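Chemist: Below is the file target.cif, which contains mmCIF, C-alpha atoms.
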data_start
loop_
_atom_site.label_atom_id
_atom_site.label_comp_id
_atom_site.auth_asym_id
_atom_site.auth_seq_id
_atom_site.Cartn_x
_atom_site.Cartn_y
_atom_site.Cartn_z
CA MET A 29 86.73 114.71 88.14
CA ARG A 30 86.54 111.08 89.18
CA VAL A 31 89.34 108.60 89.75
CA CYS A 32 89.08 104.88 90.42
CA LEU A 33 91.95 103.43 92.44
CA ILE A 34 92.25 99.64 92.52
CA GLY A 35 93.86 98.09 95.60
CA ALA A 36 94.34 99.18 99.23
CA GLY A 37 97.69 97.63 100.05
CA LEU A 38 100.88 99.58 100.66
CA SER A 39 100.91 101.10 97.16
CA GLY A 40 97.19 101.78 97.05
CA LEU A 41 97.18 103.61 100.37
CA ALA A 42 100.15 105.77 99.32
CA THR A 43 98.29 106.65 96.13
CA ALA A 44 95.06 107.40 97.98
CA ARG A 45 96.90 109.80 100.26
CA ALA A 46 98.41 111.69 97.32
CA LEU A 47 95.03 111.99 95.62
CA LYS A 48 93.38 113.25 98.80
CA GLU A 49 96.12 115.80 99.43
CA HIS A 50 95.67 117.12 95.88
CA GLY A 51 91.91 117.44 96.37
CA VAL A 52 91.05 114.73 93.84
CA ASP A 53 87.67 113.03 94.11
CA PHE A 54 88.32 109.27 94.07
CA VAL A 55 87.12 105.88 95.22
CA CYS A 56 89.40 102.97 96.12
CA LEU A 57 88.13 99.45 95.43
CA GLU A 58 89.60 96.64 97.56
CA LYS A 59 88.55 93.00 97.18
CA ALA A 60 89.57 92.02 100.74
CA PRO A 61 87.57 92.81 103.88
CA GLU A 62 90.38 95.03 105.21
CA VAL A 63 93.22 97.22 103.98
CA GLY A 64 96.81 96.01 104.05
CA GLY A 65 97.23 93.72 101.06
CA LEU A 66 99.39 90.62 101.51
CA TRP A 67 100.54 91.80 104.97
CA ARG A 68 97.15 91.07 106.50
CA GLN A 69 96.61 87.70 104.81
CA PRO A 70 98.43 85.36 107.23
CA ASP A 71 96.35 86.30 110.27
CA ALA A 72 93.20 86.46 108.16
CA GLY A 73 93.76 82.87 107.06
CA GLU A 74 93.35 83.79 103.40
CA ARG A 75 95.09 82.15 100.46
CA GLY A 76 97.92 84.32 99.29
CA PRO A 77 101.66 84.95 99.18
CA GLY A 78 101.73 85.90 102.88
CA TYR A 79 102.73 83.30 105.50
CA LEU A 80 103.03 83.41 109.29
CA SER A 81 106.82 83.75 109.37
CA LEU A 82 106.73 86.70 106.95
CA HIS A 83 108.74 89.79 108.00
CA LEU A 84 109.88 92.90 106.20
CA ASN A 85 113.18 92.58 104.37
CA THR A 86 113.51 96.36 104.29
CA ALA A 87 114.22 98.65 107.24
CA LYS A 88 111.17 100.11 108.95
CA GLN A 89 112.39 103.72 108.75
CA LEU A 90 112.53 103.52 104.95
CA THR A 91 109.41 101.39 104.55
CA GLY A 92 107.11 103.65 106.56
CA TYR A 93 105.25 106.50 104.85
CA ALA A 94 106.62 110.05 104.88
CA GLY A 95 105.28 111.95 107.88
CA PHE A 96 103.92 108.80 109.50
CA PRO A 97 106.80 106.62 110.74
CA MET A 98 106.35 103.11 112.00
CA PRO A 99 106.13 102.95 115.82
CA ALA A 100 109.40 103.24 117.70
CA ALA A 101 108.52 100.00 119.53
CA TYR A 102 108.63 98.07 116.24
CA PRO A 103 111.82 96.10 115.51
CA LEU A 104 113.95 97.09 112.54
CA TYR A 105 112.26 94.36 110.46
CA PRO A 106 108.63 94.09 111.66
CA ARG A 107 106.55 90.95 111.25
CA HIS A 108 103.53 90.81 108.96
CA SER A 109 100.96 91.53 111.68
CA GLU A 110 102.81 94.68 112.75
CA VAL A 111 102.99 95.91 109.16
CA ALA A 112 99.27 95.21 108.69
CA ALA A 113 98.41 97.16 111.85
CA TYR A 114 100.60 100.03 110.70
CA LEU A 115 98.90 100.19 107.29
CA ARG A 116 95.48 100.24 108.93
CA SER A 117 96.51 103.02 111.30
CA PHE A 118 97.93 104.99 108.37
CA ALA A 119 94.63 104.72 106.47
CA GLU A 120 92.80 106.08 109.49
CA TRP A 121 95.38 108.82 110.20
CA ALA A 122 95.34 110.02 106.59
CA GLY A 123 91.53 110.03 106.47
CA LEU A 124 91.33 107.46 103.68
CA THR A 125 88.82 104.97 105.05
CA ASP A 126 85.75 106.85 103.77
CA HIS A 127 87.15 106.58 100.23
CA ILE A 128 87.69 102.80 100.37
CA GLU A 129 85.07 100.25 99.37
CA LEU A 130 86.08 96.91 100.92
CA ASN A 131 84.87 93.48 99.76
CA THR A 132 84.70 94.84 96.23
CA THR A 133 86.20 92.95 93.28
CA VAL A 134 86.95 94.71 90.01
CA GLU A 135 85.68 92.57 87.14
CA SER A 136 86.47 94.74 84.12
CA VAL A 137 88.02 98.07 83.13
CA ARG A 138 87.33 99.28 79.60
CA GLN A 139 88.01 102.53 77.81
CA GLU A 140 85.14 104.25 76.02
CA ASP A 141 85.27 106.15 72.72
CA ASP A 142 85.34 109.47 74.57
CA GLY A 143 88.44 108.40 76.55
CA SER A 144 86.63 107.80 79.84
CA TRP A 145 86.84 104.49 81.67
CA THR A 146 84.01 102.20 82.69
CA VAL A 147 84.78 100.08 85.74
CA THR A 148 82.57 97.11 86.54
CA SER A 149 82.88 95.88 90.11
CA LYS A 150 81.06 93.46 92.33
CA GLY A 151 80.59 93.54 96.07
CA THR A 152 81.32 90.33 97.95
CA SER A 153 78.39 89.16 100.00
CA THR A 154 77.64 85.55 100.91
CA ASP A 155 74.29 84.04 101.88
CA THR A 156 75.23 82.12 105.03
CA SER A 157 72.33 79.70 104.62
CA THR A 158 73.26 78.62 101.10
CA GLY A 159 76.90 79.70 100.78
CA THR A 160 76.16 81.45 97.48
CA ASP A 161 77.58 84.81 96.44
CA THR A 162 74.83 87.43 96.55
CA GLY A 163 77.00 90.46 95.82
CA ALA A 164 75.60 93.05 93.45
CA GLY A 165 77.41 94.31 90.35
CA THR A 166 78.08 98.01 89.80
CA GLU A 167 79.14 99.88 86.67
CA ARG A 168 80.71 103.34 87.04
CA ARG A 169 82.36 105.83 84.70
CA PHE A 170 85.68 107.51 85.58
CA ASP A 171 88.12 109.89 83.96
CA HIS A 172 91.15 108.04 85.30
CA VAL A 173 91.99 104.56 86.61
CA ILE A 174 95.01 103.80 88.81
CA VAL A 175 96.00 100.15 89.32
CA ALA A 176 97.77 99.45 92.61
CA SER A 177 96.89 95.78 93.06
CA GLY A 178 100.45 94.43 93.12
CA HIS A 179 102.27 91.82 91.06
CA ASN A 180 102.22 88.75 93.31
CA THR A 181 98.97 87.44 91.89
CA GLN A 182 99.14 84.21 89.89
CA PRO A 183 101.44 81.40 91.07
CA VAL A 184 104.00 80.10 88.59
CA MET A 185 103.98 76.31 88.67
CA PRO A 186 106.54 74.60 86.43
CA ALA A 187 105.92 71.33 84.67
CA LEU A 188 105.85 68.66 87.36
CA PRO A 189 108.69 66.13 87.31
CA GLU A 190 108.43 62.60 86.09
CA GLY A 191 106.58 60.42 88.59
CA ALA A 192 104.46 63.24 90.01
CA ASP A 193 101.28 61.39 89.06
CA THR A 194 102.22 58.45 91.26
CA PHE A 195 103.86 60.45 94.07
CA ASP A 196 102.63 59.28 97.46
CA GLY A 197 102.72 62.73 99.05
CA THR A 198 101.47 66.30 98.64
CA ILE A 199 102.56 68.86 96.04
CA LEU A 200 101.72 72.52 96.63
CA HIS A 201 102.78 76.04 95.69
CA ALA A 202 104.02 78.61 98.21
CA LEU A 203 100.70 80.40 97.68
CA ASP A 204 99.10 77.71 99.85
CA TYR A 205 101.81 77.63 102.52
CA ARG A 206 100.89 79.20 105.86
CA ASP A 207 102.97 77.82 108.74
CA GLY A 208 105.75 75.32 109.34
CA SER A 209 103.87 73.69 112.19
CA ASP A 210 101.39 72.37 109.61
CA PHE A 211 104.21 70.09 108.41
CA ALA A 212 105.49 68.80 111.75
CA GLY A 213 107.25 65.47 111.34
CA ARG A 214 107.02 65.53 107.54
CA ARG A 215 109.82 65.18 105.01
CA VAL A 216 109.73 68.26 102.81
CA VAL A 217 111.48 69.36 99.63
CA VAL A 218 111.35 73.11 98.93
CA VAL A 219 111.98 74.02 95.29
CA GLY A 220 113.53 77.44 94.60
CA LEU A 221 115.97 79.98 96.00
CA GLY A 222 113.95 83.19 95.94
CA ALA A 223 112.64 85.14 98.93
CA SER A 224 109.72 82.85 99.71
CA ALA A 225 111.82 79.69 99.20
CA VAL A 226 114.46 80.63 101.76
CA ASP A 227 111.88 81.94 104.24
CA ILE A 228 109.75 78.82 103.97
CA ALA A 229 112.71 76.41 104.10
CA ALA A 230 114.01 78.11 107.26
CA ASP A 231 110.54 78.04 108.81
CA LEU A 232 109.97 74.37 107.91
CA SER A 233 113.34 73.35 109.32
CA ARG A 234 112.05 74.02 112.83
CA HIS A 235 109.13 71.62 112.45
CA ALA A 236 109.68 69.08 109.66
CA GLU A 237 111.53 65.79 110.12
CA HIS A 238 113.90 66.98 107.45
CA THR A 239 113.96 69.91 105.02
CA VAL A 240 115.65 69.85 101.62
CA LEU A 241 116.19 72.95 99.48
CA SER A 242 116.28 72.03 95.77
CA VAL A 243 118.01 74.69 93.66
CA ARG A 244 118.18 74.66 89.87
CA ARG A 245 119.93 78.01 89.32
CA GLY A 246 122.23 79.88 91.65
CA LEU A 247 121.19 83.32 92.91
CA HIS A 248 123.11 85.89 94.92
CA VAL A 249 122.12 85.57 98.59
CA LEU A 250 122.63 88.72 100.65
CA PRO A 251 122.17 89.33 104.38
CA LYS A 252 119.76 92.05 105.43
CA GLN A 253 122.65 94.18 106.64
CA LEU A 254 126.21 94.93 105.52
CA PHE A 255 128.70 97.37 107.07
CA GLY A 256 126.25 97.72 109.97
CA MET A 257 123.61 99.17 107.64
CA ALA A 258 120.37 97.81 106.21
CA LEU A 259 120.70 97.09 102.49
CA ASP A 260 118.11 99.72 101.60
CA GLU A 261 120.03 102.28 103.68
CA ILE A 262 123.09 101.46 101.59
CA ALA A 263 121.08 101.81 98.37
CA ASP A 264 120.02 105.28 99.56
CA ALA A 265 123.47 106.50 100.65
CA PRO A 266 125.14 109.21 98.52
CA TRP A 267 128.45 107.34 98.52
CA TRP A 268 126.67 104.34 97.01
CA THR A 269 124.73 106.19 94.31
CA ALA A 270 127.93 108.00 93.28
CA MET A 271 129.53 104.66 92.34
CA SER A 272 129.32 103.01 88.95
CA LEU A 273 127.56 99.65 88.69
CA GLU A 274 130.91 97.85 88.43
CA GLU A 275 132.21 99.62 91.55
CA GLN A 276 129.05 98.67 93.44
CA ARG A 277 129.45 95.06 92.38
CA ARG A 278 133.08 94.85 93.44
CA LEU A 279 132.37 96.37 96.85
CA ILE A 280 129.48 94.05 97.69
CA GLU A 281 131.16 90.95 96.26
CA GLN A 282 134.24 91.56 98.43
CA ALA A 283 132.06 92.19 101.49
CA LEU A 284 130.12 88.96 100.88
CA LEU A 285 133.33 86.94 100.65
CA VAL A 286 134.35 88.30 104.03
CA VAL A 287 130.93 87.81 105.65
CA ARG A 288 129.94 84.38 104.32
CA GLY A 289 132.48 83.06 101.84
CA LYS A 290 131.33 81.36 98.64
CA LEU A 291 127.84 79.95 98.22
CA SER A 292 129.38 76.71 97.00
CA ASP A 293 130.82 76.32 100.52
CA TYR A 294 127.21 75.76 101.61
CA GLY A 295 126.39 73.27 98.88
CA LEU A 296 124.52 75.85 96.80
CA PRO A 297 125.28 76.52 93.13
CA GLU A 298 127.27 79.65 92.36
CA PRO A 299 125.27 82.24 90.39
CA ASP A 300 125.81 82.14 86.63
CA HIS A 301 125.45 85.92 86.39
CA PRO A 302 127.06 88.98 87.98
CA LEU A 303 125.64 90.59 91.10
CA PHE A 304 122.74 92.96 90.29
CA ALA A 305 122.21 91.28 86.90
CA SER A 306 119.15 89.54 88.36
CA ALA A 307 117.02 89.85 91.46
CA VAL A 308 118.90 89.01 94.65
CA THR A 309 117.67 86.88 97.56
CA ILE A 310 117.81 88.51 100.97
CA SER A 311 118.02 86.25 104.03
CA ASP A 312 119.78 86.23 107.38
CA GLU A 313 118.67 82.67 108.09
CA ILE A 314 119.05 80.25 105.22
CA LEU A 315 122.84 79.93 105.21
CA SER A 316 122.86 79.52 108.99
CA ARG A 317 120.18 76.81 108.81
CA ILE A 318 122.26 74.98 106.20
CA ARG A 319 125.39 75.22 108.34
CA HIS A 320 123.46 73.89 111.34
CA GLY A 321 122.27 70.88 109.34
CA ALA A 322 118.63 71.94 109.54
CA VAL A 323 118.33 72.47 105.77
CA THR A 324 120.03 70.24 103.20
CA PRO A 325 120.78 71.80 99.79
CA LYS A 326 120.28 69.67 96.69
CA PRO A 327 120.38 70.36 92.93
CA ALA A 328 117.31 70.45 90.70
CA LEU A 329 114.52 67.96 91.30
CA GLU A 330 114.57 65.42 88.45
CA ARG A 331 111.80 62.98 89.27
CA LEU A 332 109.62 61.52 91.98
CA ASP A 333 109.72 57.83 92.70
CA GLY A 334 106.95 56.70 95.04
CA GLY A 335 107.93 58.23 98.33
CA ARG A 336 111.33 59.54 97.22
CA ALA A 337 112.58 62.67 95.50
CA VAL A 338 115.43 62.10 93.05
CA PHE A 339 117.76 64.95 92.07
CA THR A 340 119.88 65.61 88.99
CA ASP A 341 123.07 64.47 90.76
CA GLY A 342 121.56 61.02 91.25
CA THR A 343 120.98 61.38 95.01
CA SER A 344 117.54 60.94 96.54
CA VAL A 345 115.72 61.57 99.80
CA ALA A 346 112.51 60.32 101.35
CA ALA A 347 109.79 62.91 100.76
CA ASP A 348 106.11 63.28 101.44
CA THR A 349 105.73 67.00 100.61
CA ILE A 350 107.00 69.17 97.74
CA VAL A 351 106.61 72.95 98.11
CA TYR A 352 107.19 74.86 94.88
CA CYS A 353 108.45 78.37 95.65
CA THR A 354 108.73 79.25 92.00
CA GLY A 355 107.32 82.75 92.08
CA TYR A 356 104.35 84.57 90.66
CA ARG A 357 103.38 86.24 87.44
CA MET A 358 101.48 89.46 87.03
CA ASP A 359 97.88 89.09 86.03
CA PHE A 360 95.37 91.85 85.41
CA PRO A 361 92.36 90.02 83.96
CA PHE A 362 90.15 93.07 84.36
CA LEU A 363 92.29 95.26 82.06
CA PRO A 364 92.29 95.50 78.26
CA ALA A 365 94.42 92.83 76.59
CA GLY A 366 98.11 93.67 76.26
CA CYS A 367 98.21 96.12 79.15
CA PRO A 368 100.56 96.68 80.91
CA THR A 369 102.63 93.90 79.32
CA GLY A 370 103.62 93.88 75.68
CA PRO A 371 103.83 90.92 73.27
CA GLY A 372 107.14 89.77 74.77
CA GLY A 373 105.82 89.82 78.33
CA ALA A 374 107.75 92.92 79.41
CA VAL A 375 105.97 95.65 81.37
CA GLU A 376 105.67 98.64 79.03
CA LEU A 377 104.98 101.78 81.05
CA TYR A 378 106.28 105.31 80.59
CA LYS A 379 108.50 106.12 83.58
CA ARG A 380 107.23 102.76 84.97
CA VAL A 381 103.85 104.42 85.67
CA VAL A 382 101.86 105.53 82.61
CA ALA A 383 100.25 103.31 79.97
CA ALA A 384 101.28 104.94 76.69
CA GLY A 385 98.41 105.20 74.22
CA ARG A 386 95.79 104.64 76.92
CA PRO A 387 95.11 108.11 78.36
CA GLY A 388 93.97 108.01 81.95
CA LEU A 389 95.45 104.63 82.92
CA TYR A 390 98.28 104.49 85.47
CA PHE A 391 100.07 101.98 87.70
CA THR A 392 101.75 102.38 91.08
CA GLY A 393 104.06 99.89 92.74
CA LEU A 394 104.74 97.85 89.60
CA VAL A 395 108.50 98.02 90.21
CA ARG A 396 111.12 95.87 91.94
CA PRO A 397 113.85 97.92 93.64
CA LEU A 398 116.80 96.76 95.71
CA GLY A 399 115.46 98.35 98.87
CA SER A 400 112.17 99.72 100.11
CA ILE A 401 109.45 100.43 97.57
CA THR A 402 107.56 102.97 99.68
CA ARG A 403 109.31 106.18 98.65
CA LEU A 404 109.12 105.15 95.01
CA VAL A 405 105.38 104.55 95.25
CA GLU A 406 104.84 107.86 97.04
CA ALA A 407 106.72 109.67 94.28
CA GLN A 408 104.76 107.84 91.59
CA ALA A 409 101.50 108.73 93.34
CA ARG A 410 102.38 112.42 93.64
CA TRP A 411 103.19 112.56 89.93
CA ILE A 412 99.92 110.86 88.99
CA ALA A 413 97.99 113.29 91.19
CA ARG A 414 99.66 116.21 89.39
CA ILE A 415 98.76 114.68 86.01
CA VAL A 416 95.14 114.22 87.08
CA THR A 417 94.86 117.83 88.30
CA GLY A 418 96.56 119.23 85.20
CA GLU A 419 99.69 120.42 87.03
CA ALA A 420 101.81 118.01 84.98
CA VAL A 421 101.42 117.23 81.28
CA LEU A 422 102.39 114.00 79.57
CA PRO A 423 104.28 113.97 76.26
CA ASP A 424 102.84 112.52 73.07
CA PRO A 425 102.40 108.72 72.99
CA GLU A 426 105.28 108.38 70.48
CA VAL A 427 107.65 110.07 72.92
CA MET A 428 106.46 107.82 75.73
CA ARG A 429 106.90 104.69 73.63
CA LYS A 430 110.47 105.68 72.75
CA GLU A 431 111.28 106.18 76.44
CA ILE A 432 109.83 102.76 77.21
CA ALA A 433 111.87 101.12 74.43
CA ASP A 434 115.07 102.85 75.57
CA TYR A 435 114.48 101.81 79.18
CA LEU A 436 113.80 98.18 78.29
CA ALA A 437 116.91 98.09 76.11
CA GLY A 438 118.99 99.38 79.02
CA ILE A 439 117.48 96.87 81.41
CA ALA A 440 118.17 94.06 78.95
CA GLY A 441 121.78 95.17 78.83
CA GLN A 442 122.10 94.78 82.60
CA TYR A 443 119.77 91.88 83.31
CA GLY A 444 119.51 90.04 80.00
CA GLN A 445 116.17 88.52 79.09
CA VAL A 446 115.42 87.32 82.62
CA GLU A 447 111.71 87.04 83.35
CA GLY A 448 110.52 89.94 85.46
CA SER A 449 113.54 92.13 84.71
CA SER A 450 111.37 94.82 83.08
CA THR A 451 110.16 95.89 86.55
CA GLN A 452 113.63 96.28 88.04
CA VAL A 453 114.54 99.84 89.03
CA ALA A 454 117.37 101.58 90.83
CA VAL A 455 115.94 103.53 93.77
CA ALA A 456 117.89 106.77 93.35
CA GLU A 457 117.53 106.86 89.56
CA HIS A 458 113.79 106.22 89.63
CA LEU A 459 113.25 108.89 92.28
CA ALA A 460 115.29 111.33 90.22
CA GLU A 461 113.29 110.74 87.03
CA LEU A 462 110.02 111.17 88.91
CA ARG A 463 111.29 114.40 90.46
CA ASP A 464 112.17 115.64 86.96
CA GLU A 465 108.59 114.97 85.87
#
Write the structure described by the file as C-alpha cells, please.

Modeler:
Amino acid sequence: MRVCLIGAGLSGLATARALKEHGVDFVCLEKAPEVGGLWRQPDAGERGPGYLSLHLNTAKQLTGYAGFPMPAAYPLYPRHSEVAAYLRSFAEWAGLTDHIELNTTVESVRQEDDGSWTVTSKGTSTDTSTGTDTGAGTERRFDHVIVASGHNTQPVMPALPEGADTFDGTILHALDYRDGSDFAGRRVVVVGLGASAVDIAADLSRHAEHTVLSVRRGLHVLPKQLFGMALDEIADAPWWTAMSLEEQRRLIEQALLVVRGKLSDYGLPEPDHPLFASAVTISDEILSRIRHGAVTPKPALERLDGGRAVFTDGTSVAADTIVYCTGYRMDFPFLPAGCPTGPGGAVELYKRVVAAGRPGLYFTGLVRPLGSITRLVEAQARWIARIVTGEAVLPDPEVMRKEIADYLAGIAGQYGQVEGSSTQVAVAEHLAELRDE
C-alpha cells in the first residue's frame, strides 16, 4: 500500500505522523528545502505569505501537537522562527524525516482507470554556472493521495484603481512584503482589514513616515484574549460549546464593548454582518496603533493621482507605496479540474476531508476554525489513516454528496455567500463529527 502526501507544513507533518503510527507506507513531497511551510519562509527569504513580524494568533498549548508540546520557554504566542524550529524538531522526534522528499514540486496528480493515482513530481536542482533548473522528473503510482499544501497560495489582487498606471510609487501584494524596515521613511497605504493587513500596518507604523489603513468593508476585530483566556481556549471550553450561536454572539459583543468600545470610535467602519457570520480579524495591536496616531484609518481607495491616494470620502494623502492585503485564493493546479472546489467556487469535501467520487483523494487542513487548527488536522489525519488501512469505511458517493450539500447550505445560512465561507468550521463540532467517523 502506497500513499503520497503533498506538503510538509503543520498539516502535512500531522498527517505524516498519523500514517506512520498506523504503519502506512508513504512518501511526503515538499517543494521547499525544509519542513515548516509558511512559518519558515520569512527567515529563508522566500516569497510567500510569511513576514518577519509574523506570530501565532493561537495559544501555543493548543497549537502544538498532541504528545509533543511547544517548549515551556516559548511565549504564549511564538514568533514565526520559533514555530518553524518547533515543526522541524517535531519531524525529527516523530521519525518523519526519512519519509520526506524536500525540494520536490508536484506537477500533476491524475487518477487512472483502475482507481490508482499517478503523481508526477520534479526535484529542484539548479546549475549554479548557468542558473538553469536541472531537476529530474519522476512519475510514481499510488493507491492514495493526501493534499496538505495549504490554502494561502495565489494572491488575490483586485482591479487597480483609476490612475494606477501613472502612479509615481510602488504597488505590491502582501505576498511580497517581508519587513517594515524595508519601507523606512516611506508613505504607505495598506488596503484591507484581514489578519495580514492589520499585522503589516502595525509593523509599517514603526518605520514608515506615515501609515494609512484603507478599509472598504468593516470586519469584527477581536483581541487575542478575552476574560483572561486565549480565544481558542474559549472556543474549546465546555461552557462555550454549550451555548447557542446567538448566546455566543451576545456574550462576545458585550465583552468587546467593554474592552474596546465601537470600531467606529477608531475611525473604522462598523461590520455590516453579525459576529461569526464572517471570518474575524484577531489583533492586539491595530486599535492601539490607531489610538496612538501611528496608523490612520481611511475608507476605500478610489483612485491614485500622481503621488497621492484619494479615498471615497474625498480625502487624500501623499503616498509612494500601496500594499494590497486582499487575501489569497486556493489553487491546486496539479489536481484534476473541479477538485476540491465545485462550479460555484465552494470547497466540496465530505466531512471537509474526502473528495466524493474520487476514491483515494483526501485533504487535511483545508478548514478555517476560530482557534487553533492543529487538533482538527490531527483528527482528520487519524481518520484518513483508518480509511487507508481499512479500519474505517466511507459511504457511497451519493451519501457523501448529500452531506456536502447539507453542510454548505448550513454554512450559507450562517455566513451567506461570502468568499471562503465553505472552509469555515466550528472546532468542537468538527472534532465531534470526526470522532463519530

Chemist: Would you compute the box with edges along x, y and z of the file around segment 397-405 of chain A, including every atom the file lists for it and 8 Å extra on each side, and give its centre and edge lengths in Å to one decimal, as lines of an AutoDock Vina configuration file?

Modeler:
center_x = 111.1
center_y = 101.5
center_z = 96.9
size_x = 27.4
size_y = 25.4
size_z = 22.5

Chemist: Which residues, written as a PyMOL selection string, have at least one atom at most 7 Å from segment 188-205 of chain A, with all atoms listed in the file counted and residues fewer than 5 positions away on the same chain left out?

Modeler: chain A and resi 75-77+79+183+330-335+348-353

Chemist: Go through A:His108, A:Arg319, A:Arg244, A:Arg396 and flag the residue nearest Leu84 of chain A, using all atoms listed in the file for the distances.

Modeler: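 Among the listed residues, A:His108 lies closest to Leu84 of chain A.
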
Chemist: Tell me, in Å to one decimal, how far atom CA of Gly35 of chain A is from atom CA of Leu57 of chain A.

Modeler: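 We find that atom CA of Gly35 of chain A and atom CA of Leu57 of chain A lie 5.9 Å from each other.
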
Chemist: Once the PyMOL selection byres ((chain A and resi 80) around 10) has been applied to the shown file, what residues remain in the selection, as a list in words?

Modeler: Trp67, Gln69, Pro70, Asp71, Gly73, Gly78, Tyr79, Ser81, Leu82, His83, Arg107, His108, Ser109, Tyr205, Arg206, Asp207, Gly208, Ile228 and Asp231 of chain A

Chemist: Which residues would end up in the selection if the PyMOL selection byres ((chain A and resi 170) around 12) were applied here, given that I need the answer as a PyMOL selection string?

Modeler: chain A and resi 29-33+53-55+137-140+142-148+167-169+171-174+387-389+416

Chemist: Would you output that residue set with C-alpha atoms, as a PDB file, in the frame of the given file?

Modeler:
ATOM      1  CA  MET A  29      86.730 114.710  88.140  1.00  0.00           C
ATOM      2  CA  ARG A  30      86.540 111.080  89.180  1.00  0.00           C
ATOM      3  CA  VAL A  31      89.340 108.600  89.750  1.00  0.00           C
ATOM      4  CA  CYS A  32      89.080 104.880  90.420  1.00  0.00           C
ATOM      5  CA  LEU A  33      91.950 103.430  92.440  1.00  0.00           C
ATOM      6  CA  ASP A  53      87.670 113.030  94.110  1.00  0.00           C
ATOM      7  CA  PHE A  54      88.320 109.270  94.070  1.00  0.00           C
ATOM      8  CA  VAL A  55      87.120 105.880  95.220  1.00  0.00           C
ATOM      9  CA  VAL A 137      88.020  98.070  83.130  1.00  0.00           C
ATOM     10  CA  ARG A 138      87.330  99.280  79.600  1.00  0.00           C
ATOM     11  CA  GLN A 139      88.010 102.530  77.810  1.00  0.00           C
ATOM     12  CA  GLU A 140      85.140 104.250  76.020  1.00  0.00           C
ATOM     13  CA  ASP A 142      85.340 109.470  74.570  1.00  0.00           C
ATOM     14  CA  GLY A 143      88.440 108.400  76.550  1.00  0.00           C
ATOM     15  CA  SER A 144      86.630 107.800  79.840  1.00  0.00           C
ATOM     16  CA  TRP A 145      86.840 104.490  81.670  1.00  0.00           C
ATOM     17  CA  THR A 146      84.010 102.200  82.690  1.00  0.00           C
ATOM     18  CA  VAL A 147      84.780 100.080  85.740  1.00  0.00           C
ATOM     19  CA  THR A 148      82.570  97.110  86.540  1.00  0.00           C
ATOM     20  CA  GLU A 167      79.140  99.880  86.670  1.00  0.00           C
ATOM     21  CA  ARG A 168      80.710 103.340  87.040  1.00  0.00           C
ATOM     22  CA  ARG A 169      82.360 105.830  84.700  1.00  0.00           C
ATOM     23  CA  ASP A 171      88.120 109.890  83.960  1.00  0.00           C
ATOM     24  CA  HIS A 172      91.150 108.040  85.300  1.00  0.00           C
ATOM     25  CA  VAL A 173      91.990 104.560  86.610  1.00  0.00           C
ATOM     26  CA  ILE A 174      95.010 103.800  88.810  1.00  0.00           C
ATOM     27  CA  PRO A 387      95.110 108.110  78.360  1.00  0.00           C
ATOM     28  CA  GLY A 388      93.970 108.010  81.950  1.00  0.00           C
ATOM     29  CA  LEU A 389      95.450 104.630  82.920  1.00  0.00           C
ATOM     30  CA  VAL A 416      95.140 114.220  87.080  1.00  0.00           C
TER      31      VAL A 416
END

Chemist: Can you measure atom CA of Thr152 of chain A to atom CA of Ile128 of chain A for me? One decimal in Å is fine.

Modeler: 14.2 Å

Chemist: Of the candidates A:Lys290, A:Gly418, A:Ser224, A:Glu298, which one gets nearest to Tyr356 of chain A if we count only C-alpha atoms?

Modeler: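 Of the candidates, the smallest distance to Tyr356 of chain A is held by A:Ser224.
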
Chemist: Which is closer to Pro99 of chain A than all the others in A:Val395, A:Leu115, A:Ala346, A:Ala409, using only C-alpha atoms?

Modeler: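 When distances to Pro99 of chain A are compared using only C-alpha atoms, the smallest one comes from A:Leu115.
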
Chemist: Please work out which residues fall within 7 Å of (117.9, 106.3, 107.1), coordinates as given in the file, with all atoms listed in the file counting, and return them as number ranges by chain.

Modeler: A: 89-90, 261

Chemist: Restricted to C-alpha atoms, what would the selected residues look like written as a PDB file, keeping the file's coordinate frame?

Modeler:
ATOM      1  CA  GLN A  89     112.390 103.720 108.750  1.00  0.00           C
ATOM      2  CA  LEU A  90     112.530 103.520 104.950  1.00  0.00           C
ATOM      3  CA  GLU A 261     120.030 102.280 103.680  1.00  0.00           C
TER       4      GLU A 261
END

Chemist: Do you have the atom CA of Lys379 of chain A-atom CA of Glu465 of chain A distance handy?

Modeler: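 Spanning atom CA of Lys379 of chain A to atom CA of Glu465 of chain A is a straight-line distance of 9.1 Å.
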
Chemist: Give me the residues within 10 Å of Leu41 of chain A as a PyMOL selection string, counting all atoms listed in the file and dropping any in the same chain fewer than 4 places off.

Modeler: chain A and resi 33+35-37+45-47+56+63-65+93+115-116+118-119+122+124-125+128+176+405-406+409

Chemist: Would you please work out which residue, of A:Val249, A:Ala60, A:Ile415, A:Val382, is nearest to Thr132 of chain A when using only C-alpha atoms?

Modeler: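 Closest candidate: A:Ala60.
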
Chemist: Identify all residues satisfying the PyMOL selection byres ((chain A and resi 273-289) around 8) in the given file; provide them as JSON, numbers by chain.

Modeler: {"A": [250, 254, 268, 271, 272, 290, 291, 293, 302, 303, 304]}

Chemist: Which neighbours of Ser177 of chain A fall inside 9 Å, counting only C-alpha atoms, when residues of the same chain fewer than 3 positions from it are skipped, and could you give them as a compact mmCIF listing (two decimals) with C-alpha atoms, keeping the file's coordinate frame?

Modeler:
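After the write, result_9.txt holds the following:
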# COMPACT_ATOMS: atom_id res chain seq x y z
CA ILE A 34 92.25 99.64 92.52
CA GLY A 35 93.86 98.09 95.60
CA ALA A 36 94.34 99.18 99.23
CA GLY A 37 97.69 97.63 100.05
CA SER A 39 100.91 101.10 97.16
CA GLY A 40 97.19 101.78 97.05
CA GLU A 58 89.60 96.64 97.56
CA GLY A 65 97.23 93.72 101.06
CA ASN A 180 102.22 88.75 93.31
CA THR A 181 98.97 87.44 91.89
CA PHE A 360 95.37 91.85 85.41
CA PHE A 391 100.07 101.98 87.70
CA THR A 392 101.75 102.38 91.08
CA GLY A 393 104.06 99.89 92.74
CA LEU A 394 104.74 97.85 89.60

Chemist: From (101.7, 97.1, 74.5), in the file's coordinates, out to 12 Å: which residues are reached, counting all atoms listed in the file? Answer as a PyMOL selection string.

Modeler: chain A and resi 364-378+382-386+425+428-429+432-433
